[in-house]
Amino acid sequence: MLDIRLLREQPDVVKATLAKAGVEASAVDAVLVFDEKRRGVLAEVERLKALRNTVSKEISTLKDADVRNTKIAEMRVVGDQISTLDKQVAELEAAQQAALLDLRNLPHESVPVGADEEGNVVLQTIGTPRQFDFAPRPHWELGESLDIIDFERGVKVSGSRFYILKGKGARLQRALIQWLLDLHGNQGYHEVYTPFVVKEQCMWGARQLPKFRDNLYHDAEEDLWLVPTAEVPVTNLHRDEILDATQLPINYCAYTPCFRREKMSAGRDVRGIKRGHQFDKVEMYKFVHPDTSYAELEKLRQDAEESCRLLGIPYRTKVLCTGDMGFASTKTYDIELWAPGQDEWLEVSSCSNVESFQARSTNIRFRPEPTAKPEFVHTLNGSGLGIPRTMIAIMENYQNADGSITVPEVLRSYMGGLEVIK
């Protein structure tokens with residue numbers, strides 16, 4: 001959530017910055033209109049309350065009963081006015097808050113300006129795509145021929161965009177998750193195992209609501225939400241806490257399944273396991289000092305890139321433009337693995353700095369000094385990695401002419417020494 005003081009004090013700067021991300025100035029004006037009305041009504045409430053306090057003291061000193069009764073009657077009217085205005089303040093505050101929650105975060109000045117993904121900038125490409133002496137097959141053909149992915153039974157059990165991993169396919173996924181958690185532990189991240197469902201306030205705090213409501217799974221009876229990413233529960237670990245500056249940065253990694261309706265991607269990428277309603281992911285997350293948050297973003301990006309490098313698969317890193325960044329992000333790097341069977345780059349990690357956007361919603365602060373006023377921390381998140389697309393990249397890059405798949409060296413110990421899936 002943006003700081004309302006920033007909108008009040010620098011509305012033109014906020015409008016100009018948000019315009020780079022395609023946000024109309026009217027969205028900022030809506031917040032400010034509600035804010036001005038609320039503050040005006042609030043000032044009148046305070047004036048009437050001050051009047052009531054003054055007259056109440058005066059009434060206690062009056063000896064004339066008629067005058068006293070008149071004053072009492074007048075204050076009853078004032079009390080009714082205060083009650084009416086208090087309701088107006090609450091209504092205007094709720095309207096202002098709703099308008100403020102609809103505003104995305106401000107893009108950082110270093111982010112390229114662009115309307116959509118065409119404006120993203122490739123920063124680097126590492127590794128050379130393998131030259132095959134046969135036509136590389138897509139992962140869905142490999143998975144079915146090796147009997148490690150069952151699409152038909154996945155649909156039978158749960159519907160479209162679900163699948164079953166079998167045997168060595170299921171073990172490959174488990175190996176990948178375990179390896180990533182161990183890798184990130186060695187990189188300085190503290191592993192946590194979180195619930196896979198959260199309270200609604202956690203969704204608001206992580207800024208999944210209200211924007212992504214249609215893509216979230218909700219249990220109405222218990223009022224619990226299935227996590228779309230481990231980012232949500234981890235964001236809320238320190239909700240309503242004041243941290244000591246010496247604790248920062250706090251680095252976490254967590255595995256969760258992720259649940260998303262994928263309504264926004266209907267009709268796209270429907271073959272294979274690239275885009276499903278349930279998928280696994282290992283997440284990296286940082287609570288950091290505002291002064292170091294962009295240095296920490298570079299570290300986060302490097303940690304995600306290391307996993308791609310160790311897998312021995314060509315990858316590239318892009319900085320997303322203003323029009324393609326996530327709602328909460330100020331700056332985002334996407335890391336993509338090459339998938340030769342589909343002849344495309346697959347996003348497997350998105351590393352973002354959201355500055356104080358989530359911390360303001362969850363009230364996570366720190367004290368720069370023992371007696372200093374608390375300030376909001378900055379938070380960062382990054383996939384390390386999204387499992388299905390990483391599985392695709394492994395299967396398609398390590399496939400052999402006979403349809404078998406060589407297991408990447410870093411995963412073999414997690415696969416019981418298995419070198420080839422055949």
# chains A, B, ... in the order shown; residues from 1 in each chain; ligands from 1

call {"tool": "select_by_dssp", "arguments": {"residues": "range 121-285 of chain A", "states": "strand (DSSP E)", "output": "number ranges by chain"}}
result
A: 121-126, 149-150, 164-165, 190-192, 197-199, 218-219, 224-226, 242-244, 250-259, 278-285

call {"tool": "residues_around", "arguments": {"residues": "range 162-175 of chain A", "least_positions_apart": "3", "cutoff": "9 Å", "atoms": "only C-alpha atoms", "output": "PyMOL selection string"}}
result
chain A and resi 143+146-159+178-180+272-273+276-278+280+387-388+391+407+411-415+421

call {"tool": "write_last_selection", "arguments": {"atoms": "N, CA and C atoms", "output": "mmCIF file, in the first residue's frame"}}
result
data_model
loop_
_atom_site.group_PDB
_atom_site.id
_atom_site.type_symbol
_atom_site.label_atom_id
_atom_site.label_comp_id
_atom_site.auth_asym_id
_atom_site.auth_seq_id
_atom_site.Cartn_x
_atom_site.Cartn_y
_atom_site.Cartn_z
ATOM 1 N N GLY A 143 7.107 -37.291 -21.296
ATOM 2 C CA GLY A 143 6.490 -37.748 -20.052
ATOM 3 C C GLY A 143 5.562 -38.916 -20.251
ATOM 4 N N LEU A 146 7.583 -42.193 -21.316
ATOM 5 C CA LEU A 146 8.331 -42.766 -20.186
ATOM 6 C C LEU A 146 7.406 -43.166 -19.034
ATOM 7 N N ASP A 147 6.114 -42.871 -19.173
ATOM 8 C CA ASP A 147 5.115 -43.176 -18.149
ATOM 9 C C ASP A 147 5.445 -42.486 -16.814
ATOM 10 N N ILE A 148 5.876 -41.229 -16.902
ATOM 11 C CA ILE A 148 6.146 -40.465 -15.675
ATOM 12 C C ILE A 148 5.177 -39.291 -15.508
ATOM 13 N N ILE A 149 4.373 -39.002 -16.528
ATOM 14 C CA ILE A 149 3.312 -38.008 -16.411
ATOM 15 C C ILE A 149 2.042 -38.602 -16.996
ATOM 16 N N ASP A 150 0.944 -38.490 -16.238
ATOM 17 C CA ASP A 150 -0.341 -39.027 -16.694
ATOM 18 C C ASP A 150 -1.339 -37.866 -16.745
ATOM 19 N N PHE A 151 -1.551 -37.345 -17.935
ATOM 20 C CA PHE A 151 -2.466 -36.214 -18.103
ATOM 21 C C PHE A 151 -3.926 -36.667 -18.032
ATOM 22 N N GLU A 152 -4.205 -37.814 -18.605
ATOM 23 C CA GLU A 152 -5.580 -38.295 -18.673
ATOM 24 C C GLU A 152 -6.169 -38.520 -17.285
ATOM 25 N N ARG A 153 -5.396 -39.171 -16.407
ATOM 26 C CA ARG A 153 -5.912 -39.435 -15.060
ATOM 27 C C ARG A 153 -5.941 -38.170 -14.199
ATOM 28 N N GLY A 154 -5.033 -37.231 -14.496
ATOM 29 C CA GLY A 154 -5.090 -35.953 -13.779
ATOM 30 C C GLY A 154 -6.402 -35.240 -14.042
ATOM 31 N N VAL A 155 -6.825 -35.252 -15.311
ATOM 32 C CA VAL A 155 -8.100 -34.634 -15.678
ATOM 33 C C VAL A 155 -9.250 -35.419 -15.066
ATOM 34 N N LYS A 156 -9.145 -36.754 -15.075
ATOM 35 C CA LYS A 156 -10.211 -37.581 -14.506
ATOM 36 C C LYS A 156 -10.392 -37.300 -13.021
ATOM 37 N N VAL A 157 -9.301 -37.101 -12.305
ATOM 38 C CA VAL A 157 -9.362 -36.883 -10.855
ATOM 39 C C VAL A 157 -9.803 -35.456 -10.505
ATOM 40 N N SER A 158 -9.255 -34.467 -11.218
ATOM 41 C CA SER A 158 -9.471 -33.079 -10.786
ATOM 42 C C SER A 158 -9.945 -32.124 -11.869
ATOM 43 N N GLY A 159 -9.905 -32.516 -13.132
ATOM 44 C CA GLY A 159 -10.357 -31.630 -14.190
ATOM 45 C C GLY A 159 -9.196 -31.106 -15.016
ATOM 46 N N GLN A 178 13.901 -30.684 -2.850
ATOM 47 C CA GLN A 178 14.878 -30.873 -1.769
ATOM 48 C C GLN A 178 16.207 -30.193 -2.095
ATOM 49 N N TRP A 179 16.646 -30.327 -3.339
ATOM 50 C CA TRP A 179 17.914 -29.710 -3.738
ATOM 51 C C TRP A 179 17.850 -28.192 -3.616
ATOM 52 N N LEU A 180 16.749 -27.596 -4.070
ATOM 53 C CA LEU A 180 16.612 -26.137 -3.998
ATOM 54 C C LEU A 180 16.600 -25.653 -2.556
ATOM 55 N N GLY A 272 0.605 -29.838 -21.696
ATOM 56 C CA GLY A 272 1.674 -30.172 -20.759
ATOM 57 C C GLY A 272 1.458 -29.612 -19.362
ATOM 58 N N ILE A 273 2.567 -29.371 -18.657
ATOM 59 C CA ILE A 273 2.512 -28.968 -17.254
ATOM 60 C C ILE A 273 2.959 -27.524 -17.048
ATOM 61 N N GLY A 276 -0.707 -24.739 -14.693
ATOM 62 C CA GLY A 276 -1.759 -25.518 -14.054
ATOM 63 C C GLY A 276 -2.359 -24.788 -12.872
ATOM 64 N N HIS A 277 -3.453 -25.331 -12.377
ATOM 65 C CA HIS A 277 -4.125 -24.727 -11.222
ATOM 66 C C HIS A 277 -3.394 -25.046 -9.906
ATOM 67 N N GLN A 278 -2.602 -26.107 -9.908
ATOM 68 C CA GLN A 278 -1.792 -26.471 -8.739
ATOM 69 C C GLN A 278 -0.379 -26.755 -9.214
ATOM 70 N N ASP A 280 4.066 -26.689 -7.697
ATOM 71 C CA ASP A 280 4.973 -26.554 -6.561
ATOM 72 C C ASP A 280 6.011 -25.474 -6.831
ATOM 73 N N ILE A 387 8.598 -25.087 -9.962
ATOM 74 C CA ILE A 387 8.986 -26.470 -10.248
ATOM 75 C C ILE A 387 8.529 -26.997 -11.615
ATOM 76 N N PRO A 388 7.258 -26.829 -12.011
ATOM 77 C CA PRO A 388 6.857 -27.458 -13.279
ATOM 78 C C PRO A 388 7.677 -26.994 -14.475
ATOM 79 N N MET A 391 11.039 -28.467 -14.364
ATOM 80 C CA MET A 391 10.941 -29.865 -14.793
ATOM 81 C C MET A 391 10.899 -29.957 -16.315
ATOM 82 N N VAL A 407 19.556 -37.511 -15.906
ATOM 83 C CA VAL A 407 19.314 -36.729 -14.688
ATOM 84 C C VAL A 407 20.470 -35.750 -14.489
ATOM 85 N N LEU A 411 21.305 -33.396 -9.176
ATOM 86 C CA LEU A 411 20.104 -34.034 -8.621
ATOM 87 C C LEU A 411 20.275 -35.529 -8.391
ATOM 88 N N ARG A 412 21.368 -36.083 -8.840
ATOM 89 C CA ARG A 412 21.491 -37.543 -8.802
ATOM 90 C C ARG A 412 21.508 -38.110 -7.394
ATOM 91 N N SER A 413 22.172 -37.438 -6.484
ATOM 92 C CA SER A 413 22.200 -37.948 -5.108
ATOM 93 C C SER A 413 20.810 -37.908 -4.479
ATOM 94 N N TYR A 414 19.971 -36.983 -4.937
ATOM 95 C CA TYR A 414 18.591 -36.885 -4.438
ATOM 96 C C TYR A 414 17.686 -37.905 -5.131
ATOM 97 N N MET A 415 18.202 -38.527 -6.190
ATOM 98 C CA MET A 415 17.445 -39.542 -6.932
ATOM 99 C C MET A 415 18.002 -40.941 -6.636
ATOM 100 N N ILE A 421 16.594 -41.565 -16.643
ATOM 101 C CA ILE A 421 15.189 -42.008 -16.548
ATOM 102 C C ILE A 421 14.845 -42.628 -17.894
#

call {"tool": "residues_around", "arguments": {"residues": "Ala21 in chain A", "least_positions_apart": "4", "cutoff": "9 Å", "atoms": "only C-alpha atoms", "output": "PyMOL selection string"}}
result
chain A and resi 17+104+106-107+113-115+321-325

call {"tool": "closest_residue", "arguments": {"among": "A:Gln302, A:Thr371, A:Asn397, A:Ser293", "to": "Ala339 in chain A", "atoms": "only C-alpha atoms"}}
result
A:Asn397

call {"tool": "residues_around", "arguments": {"residues": "Asn381 in chain A", "least_positions_apart": "4", "cutoff": "9 Å", "atoms": "only C-alpha atoms", "output": "CSV table (one decimal) with C-alpha atoms, in the first residue's frame"}}
result
chain,number,residue,atom,x,y,z
A,231,GLU,CA,5.2,-15.4,-0.4
A,283,GLU,CA,10.2,-19.3,-2.6
A,284,MET,CA,13.0,-17.0,-1.3
A,285,TYR,CA,11.9,-14.0,0.8
A,286,LYS,CA,13.7,-11.1,2.4
A,297,LEU,CA,17.5,-7.5,-4.9
A,300,LEU,CA,18.3,-12.4,-4.7
A,350,SER,CA,10.6,-13.7,-10.8
A,351,CYS,CA,12.6,-11.7,-8.3
A,352,SER,CA,11.0,-8.4,-7.1
A,353,ASN,CA,11.6,-5.6,-4.7
A,354,VAL,CA,8.2,-4.3,-3.4

call {"tool": "residues_around", "arguments": {"residues": "Arg8 in chain A", "least_positions_apart": "3", "cutoff": "12 Å", "atoms": "only C-alpha atoms", "output": "list of chain:residue names"}}
result
A:Leu2, A:Asp3, A:Ile4, A:Arg5, A:Pro11, A:Asp12, A:Val13, A:Val14, A:Lys15, A:Val28, A:Asp29, A:Ala30, A:Val31, A:Leu32, A:Val33, A:Phe34, A:Asp35, A:Glu36, A:Arg39

call {"tool": "residues_around", "arguments": {"residues": "range 183-186 of chain A", "least_positions_apart": "4", "cutoff": "9 Å", "atoms": "only C-alpha atoms", "output": "list in words"}}
result
Gln178, Trp179, His190, Glu191, Tyr252, Cys253, Met284, Asp303, Ala304, Ser307 and Gly384 of chain A

call {"tool": "write_last_selection", "arguments": {"atoms": "C-alpha atoms", "output": "PDB file, in the first residue's frame"}}
result
ATOM      1  CA  GLN A 178      14.878 -30.873  -1.769  1.00  0.00           C
ATOM      2  CA  TRP A 179      17.914 -29.710  -3.738  1.00  0.00           C
ATOM      3  CA  HIS A 190      16.355 -19.909   6.821  1.00  0.00           C
ATOM      4  CA  GLU A 191      13.945 -22.664   5.808  1.00  0.00           C
ATOM      5  CA  TYR A 252      13.592 -17.127   4.437  1.00  0.00           C
ATOM      6  CA  CYS A 253      13.004 -19.924   1.969  1.00  0.00           C
ATOM      7  CA  MET A 284      12.955 -16.962  -1.336  1.00  0.00           C
ATOM      8  CA  ASP A 303      20.831 -16.662  -5.876  1.00  0.00           C
ATOM      9  CA  ALA A 304      18.049 -17.613  -8.304  1.00  0.00           C
ATOM     10  CA  SER A 307      20.237 -22.625  -9.358  1.00  0.00           C
ATOM     11  CA  GLY A 384      13.783 -20.318  -6.501  1.00  0.00           C
TER      12      GLY A 384
END

call {"tool": "select_by_dssp", "arguments": {"residues": "range 102-160 of chain A", "states": "helix (DSSP H, G or I)", "output": "NGL selection string"}}
result
:A and (117-119 or 139-145 or 151-158)

call {"tool": "residues_around", "arguments": {"residues": "Glu241 in chain A", "least_positions_apart": "2", "cutoff": "8 Å", "atoms": "only C-alpha atoms", "output": "PDB file with C-alpha atoms, in the first residue's frame"}}
result
ATOM      1  CA  HIS A 238       6.278 -10.753  11.178  1.00  0.00           C
ATOM      2  CA  ARG A 239       2.948  -8.971  10.810  1.00  0.00           C
ATOM      3  CA  LEU A 243      12.060  -5.646  14.487  1.00  0.00           C
ATOM      4  CA  ASN A 363       2.539  -3.163   9.760  1.00  0.00           C
ATOM      5  CA  ILE A 364       6.038  -4.649   9.812  1.00  0.00           C
ATOM      6  CA  ARG A 365       8.530  -2.104  11.106  1.00  0.00           C
TER       7      ARG A 365
END

call {"tool": "closest_residue", "arguments": {"among": "A:Gly79, A:Phe279, A:Met1, A:Glu298", "to": "Ala99 in chain A", "atoms": "only C-alpha atoms"}}
result
A:Met1

call {"tool": "closest_residue", "arguments": {"among": "A:Ala328, A:Val41, A:Ala372, A:Cys258", "to": "Leu209 in chain A", "atoms": "only C-alpha atoms"}}
result
A:Ala328

call {"tool": "atom_distance", "arguments": {"atom1": "CA of Thr362 in chain A", "atom2": "CA of Val234 in chain A"}}
result
11.4 Å

call {"tool": "decode", "arguments": {"residues": "range 221-270 of chain A", "atoms": "N, CA and C atoms", "output": "mmCIF file, in the first residue's frame"}}
result
data_model
loop_
_atom_site.group_PDB
_atom_site.id
_atom_site.type_symbol
_atom_site.label_atom_id
_atom_site.label_comp_id
_atom_site.auth_asym_id
_atom_site.auth_seq_id
_atom_site.Cartn_x
_atom_site.Cartn_y
_atom_site.Cartn_z
ATOM 1 N N GLU A 221 -16.543 -21.523 4.018
ATOM 2 C CA GLU A 221 -17.038 -21.970 5.323
ATOM 3 C C GLU A 221 -16.061 -21.622 6.440
ATOM 4 N N GLU A 222 -14.780 -21.888 6.215
ATOM 5 C CA GLU A 222 -13.775 -21.593 7.231
ATOM 6 C C GLU A 222 -13.129 -20.225 7.018
ATOM 7 N N ASP A 223 -13.454 -19.575 5.902
ATOM 8 C CA ASP A 223 -12.864 -18.293 5.522
ATOM 9 C C ASP A 223 -11.341 -18.386 5.485
ATOM 10 N N LEU A 224 -10.859 -19.424 4.819
ATOM 11 C CA LEU A 224 -9.423 -19.612 4.620
ATOM 12 C C LEU A 224 -9.137 -19.645 3.122
ATOM 13 N N TRP A 225 -7.936 -19.207 2.759
ATOM 14 C CA TRP A 225 -7.553 -19.084 1.365
ATOM 15 C C TRP A 225 -6.350 -19.982 1.079
ATOM 16 N N LEU A 226 -6.417 -20.747 0.001
ATOM 17 C CA LEU A 226 -5.272 -21.559 -0.408
ATOM 18 C C LEU A 226 -4.185 -20.630 -0.935
ATOM 19 N N VAL A 227 -2.948 -20.887 -0.555
ATOM 20 C CA VAL A 227 -1.877 -19.959 -0.917
ATOM 21 C C VAL A 227 -1.582 -20.020 -2.416
ATOM 22 N N PRO A 228 -1.468 -18.868 -3.080
ATOM 23 C CA PRO A 228 -1.050 -18.844 -4.479
ATOM 24 C C PRO A 228 0.463 -18.901 -4.616
ATOM 25 N N THR A 229 1.166 -18.702 -3.492
ATOM 26 C CA THR A 229 2.627 -18.728 -3.419
ATOM 27 C C THR A 229 3.015 -18.652 -1.946
ATOM 28 N N ALA A 230 4.184 -19.197 -1.601
ATOM 29 C CA ALA A 230 4.664 -19.112 -0.211
ATOM 30 C C ALA A 230 4.922 -17.679 0.218
ATOM 31 N N GLU A 231 5.004 -16.779 -0.744
ATOM 32 C CA GLU A 231 5.181 -15.363 -0.433
ATOM 33 C C GLU A 231 4.120 -14.877 0.550
ATOM 34 N N VAL A 232 2.895 -15.391 0.433
ATOM 35 C CA VAL A 232 1.790 -14.899 1.265
ATOM 36 C C VAL A 232 1.991 -15.242 2.741
ATOM 37 N N PRO A 233 2.149 -16.521 3.123
ATOM 38 C CA PRO A 233 2.366 -16.794 4.547
ATOM 39 C C PRO A 233 3.676 -16.212 5.076
ATOM 40 N N VAL A 234 4.741 -16.219 4.255
ATOM 41 C CA VAL A 234 6.020 -15.714 4.750
ATOM 42 C C VAL A 234 5.955 -14.198 4.975
ATOM 43 N N THR A 235 5.271 -13.471 4.099
ATOM 44 C CA THR A 235 5.089 -12.032 4.312
ATOM 45 C C THR A 235 4.510 -11.761 5.685
ATOM 46 N N ASN A 236 3.574 -12.605 6.099
ATOM 47 C CA ASN A 236 2.827 -12.364 7.331
ATOM 48 C C ASN A 236 3.472 -12.934 8.582
ATOM 49 N N LEU A 237 4.650 -13.544 8.450
ATOM 50 C CA LEU A 237 5.315 -14.101 9.633
ATOM 51 C C LEU A 237 5.586 -13.037 10.685
ATOM 52 N N HIS A 238 5.931 -11.820 10.237
ATOM 53 C CA HIS A 238 6.278 -10.753 11.178
ATOM 54 C C HIS A 238 5.236 -9.634 11.193
ATOM 55 N N ARG A 239 4.010 -9.972 10.817
ATOM 56 C CA ARG A 239 2.948 -8.971 10.810
ATOM 57 C C ARG A 239 2.777 -8.351 12.205
ATOM 58 N N ASP A 240 2.623 -7.017 12.231
ATOM 59 C CA ASP A 240 2.411 -6.256 13.472
ATOM 60 C C ASP A 240 3.586 -6.364 14.444
ATOM 61 N N GLU A 241 4.783 -6.580 13.914
ATOM 62 C CA GLU A 241 5.972 -6.644 14.761
ATOM 63 C C GLU A 241 6.890 -5.457 14.486
ATOM 64 N N ILE A 242 7.651 -5.091 15.518
ATOM 65 C CA ILE A 242 8.718 -4.102 15.371
ATOM 66 C C ILE A 242 10.039 -4.844 15.544
ATOM 67 N N LEU A 243 10.806 -4.906 14.487
ATOM 68 C CA LEU A 243 12.060 -5.646 14.487
ATOM 69 C C LEU A 243 13.210 -4.737 14.900
ATOM 70 N N ASP A 244 14.246 -5.356 15.409
ATOM 71 C CA ASP A 244 15.469 -4.613 15.704
ATOM 72 C C ASP A 244 16.301 -4.531 14.429
ATOM 73 N N ALA A 245 16.934 -3.392 14.220
ATOM 74 C CA ALA A 245 17.727 -3.206 12.997
ATOM 75 C C ALA A 245 18.811 -4.261 12.860
ATOM 76 N N THR A 246 19.314 -4.757 13.987
ATOM 77 C CA THR A 246 20.384 -5.760 13.930
ATOM 78 C C THR A 246 19.885 -7.100 13.403
ATOM 79 N N GLN A 247 18.563 -7.303 13.377
ATOM 80 C CA GLN A 247 18.002 -8.544 12.845
ATOM 81 C C GLN A 247 18.013 -8.576 11.314
ATOM 82 N N LEU A 248 18.108 -7.413 10.707
ATOM 83 C CA LEU A 248 17.989 -7.310 9.254
ATOM 84 C C LEU A 248 19.326 -7.530 8.556
ATOM 85 N N PRO A 249 19.360 -8.161 7.387
ATOM 86 C CA PRO A 249 18.198 -8.731 6.710
ATOM 87 C C PRO A 249 17.791 -10.083 7.289
ATOM 88 N N ILE A 250 16.502 -10.391 7.196
ATOM 89 C CA ILE A 250 15.988 -11.712 7.550
ATOM 90 C C ILE A 250 15.651 -12.417 6.239
ATOM 91 N N ASN A 251 16.286 -13.561 6.007
ATOM 92 C CA ASN A 251 16.101 -14.304 4.759
ATOM 93 C C ASN A 251 15.395 -15.624 5.024
ATOM 94 N N TYR A 252 14.335 -15.878 4.302
ATOM 95 C CA TYR A 252 13.592 -17.127 4.437
ATOM 96 C C TYR A 252 13.512 -17.837 3.090
ATOM 97 N N CYS A 253 13.416 -19.161 3.147
ATOM 98 C CA CYS A 253 13.004 -19.924 1.969
ATOM 99 C C CYS A 253 11.939 -20.909 2.417
ATOM 100 N N ALA A 254 11.020 -21.190 1.518
ATOM 101 C CA ALA A 254 9.897 -22.057 1.882
ATOM 102 C C ALA A 254 9.383 -22.789 0.650
ATOM 103 N N TYR A 255 9.014 -24.052 0.866
ATOM 104 C CA TYR A 255 8.337 -24.821 -0.177
ATOM 105 C C TYR A 255 6.839 -24.813 0.106
ATOM 106 N N THR A 256 6.036 -24.602 -0.914
ATOM 107 C CA THR A 256 4.592 -24.827 -0.823
ATOM 108 C C THR A 256 4.074 -25.272 -2.179
ATOM 109 N N PRO A 257 2.970 -26.010 -2.184
ATOM 110 C CA PRO A 257 2.194 -26.075 -3.418
ATOM 111 C C PRO A 257 1.528 -24.712 -3.590
ATOM 112 N N CYS A 258 1.212 -24.360 -4.806
ATOM 113 C CA CYS A 258 0.586 -23.069 -5.091
ATOM 114 C C CYS A 258 -0.706 -23.328 -5.861
ATOM 115 N N PHE A 259 -1.738 -22.592 -5.511
ATOM 116 C CA PHE A 259 -3.056 -22.813 -6.101
ATOM 117 C C PHE A 259 -3.548 -21.530 -6.764
ATOM 118 N N ARG A 260 -3.802 -21.599 -8.069
ATOM 119 C CA ARG A 260 -4.276 -20.425 -8.814
ATOM 120 C C ARG A 260 -5.270 -20.879 -9.878
ATOM 121 N N ARG A 261 -6.308 -20.105 -10.029
ATOM 122 C CA ARG A 261 -7.337 -20.465 -11.014
ATOM 123 C C ARG A 261 -6.866 -20.237 -12.447
ATOM 124 N N GLU A 262 -5.863 -19.392 -12.637
ATOM 125 C CA GLU A 262 -5.302 -19.131 -13.961
ATOM 126 C C GLU A 262 -6.344 -18.625 -14.948
ATOM 127 N N LYS A 263 -7.324 -17.860 -14.448
ATOM 128 C CA LYS A 263 -8.352 -17.328 -15.344
ATOM 129 C C LYS A 263 -7.763 -16.358 -16.353
ATOM 130 N N MET A 264 -6.759 -15.608 -15.930
ATOM 131 C CA MET A 264 -6.192 -14.595 -16.810
ATOM 132 C C MET A 264 -5.442 -15.210 -17.983
ATOM 133 N N SER A 265 -5.120 -16.501 -17.875
ATOM 134 C CA SER A 265 -4.347 -17.145 -18.944
ATOM 135 C C SER A 265 -5.176 -18.165 -19.710
ATOM 136 N N ALA A 266 -6.489 -18.039 -19.641
ATOM 137 C CA ALA A 266 -7.357 -18.996 -20.326
ATOM 138 C C ALA A 266 -7.025 -19.043 -21.808
ATOM 139 N N GLY A 267 -6.882 -20.274 -22.314
ATOM 140 C CA GLY A 267 -6.605 -20.444 -23.724
ATOM 141 C C GLY A 267 -5.136 -20.433 -24.083
ATOM 142 N N ARG A 268 -4.259 -20.132 -23.101
ATOM 143 C CA ARG A 268 -2.827 -20.069 -23.377
ATOM 144 C C ARG A 268 -2.108 -21.257 -22.751
ATOM 145 N N ASP A 269 -1.143 -21.798 -23.446
ATOM 146 C CA ASP A 269 -0.232 -22.796 -22.880
ATOM 147 C C ASP A 269 -0.981 -23.944 -22.212
ATOM 148 N N VAL A 270 -1.957 -24.499 -22.884
ATOM 149 C CA VAL A 270 -2.792 -25.515 -22.252
ATOM 150 C C VAL A 270 -2.176 -26.911 -22.331
#
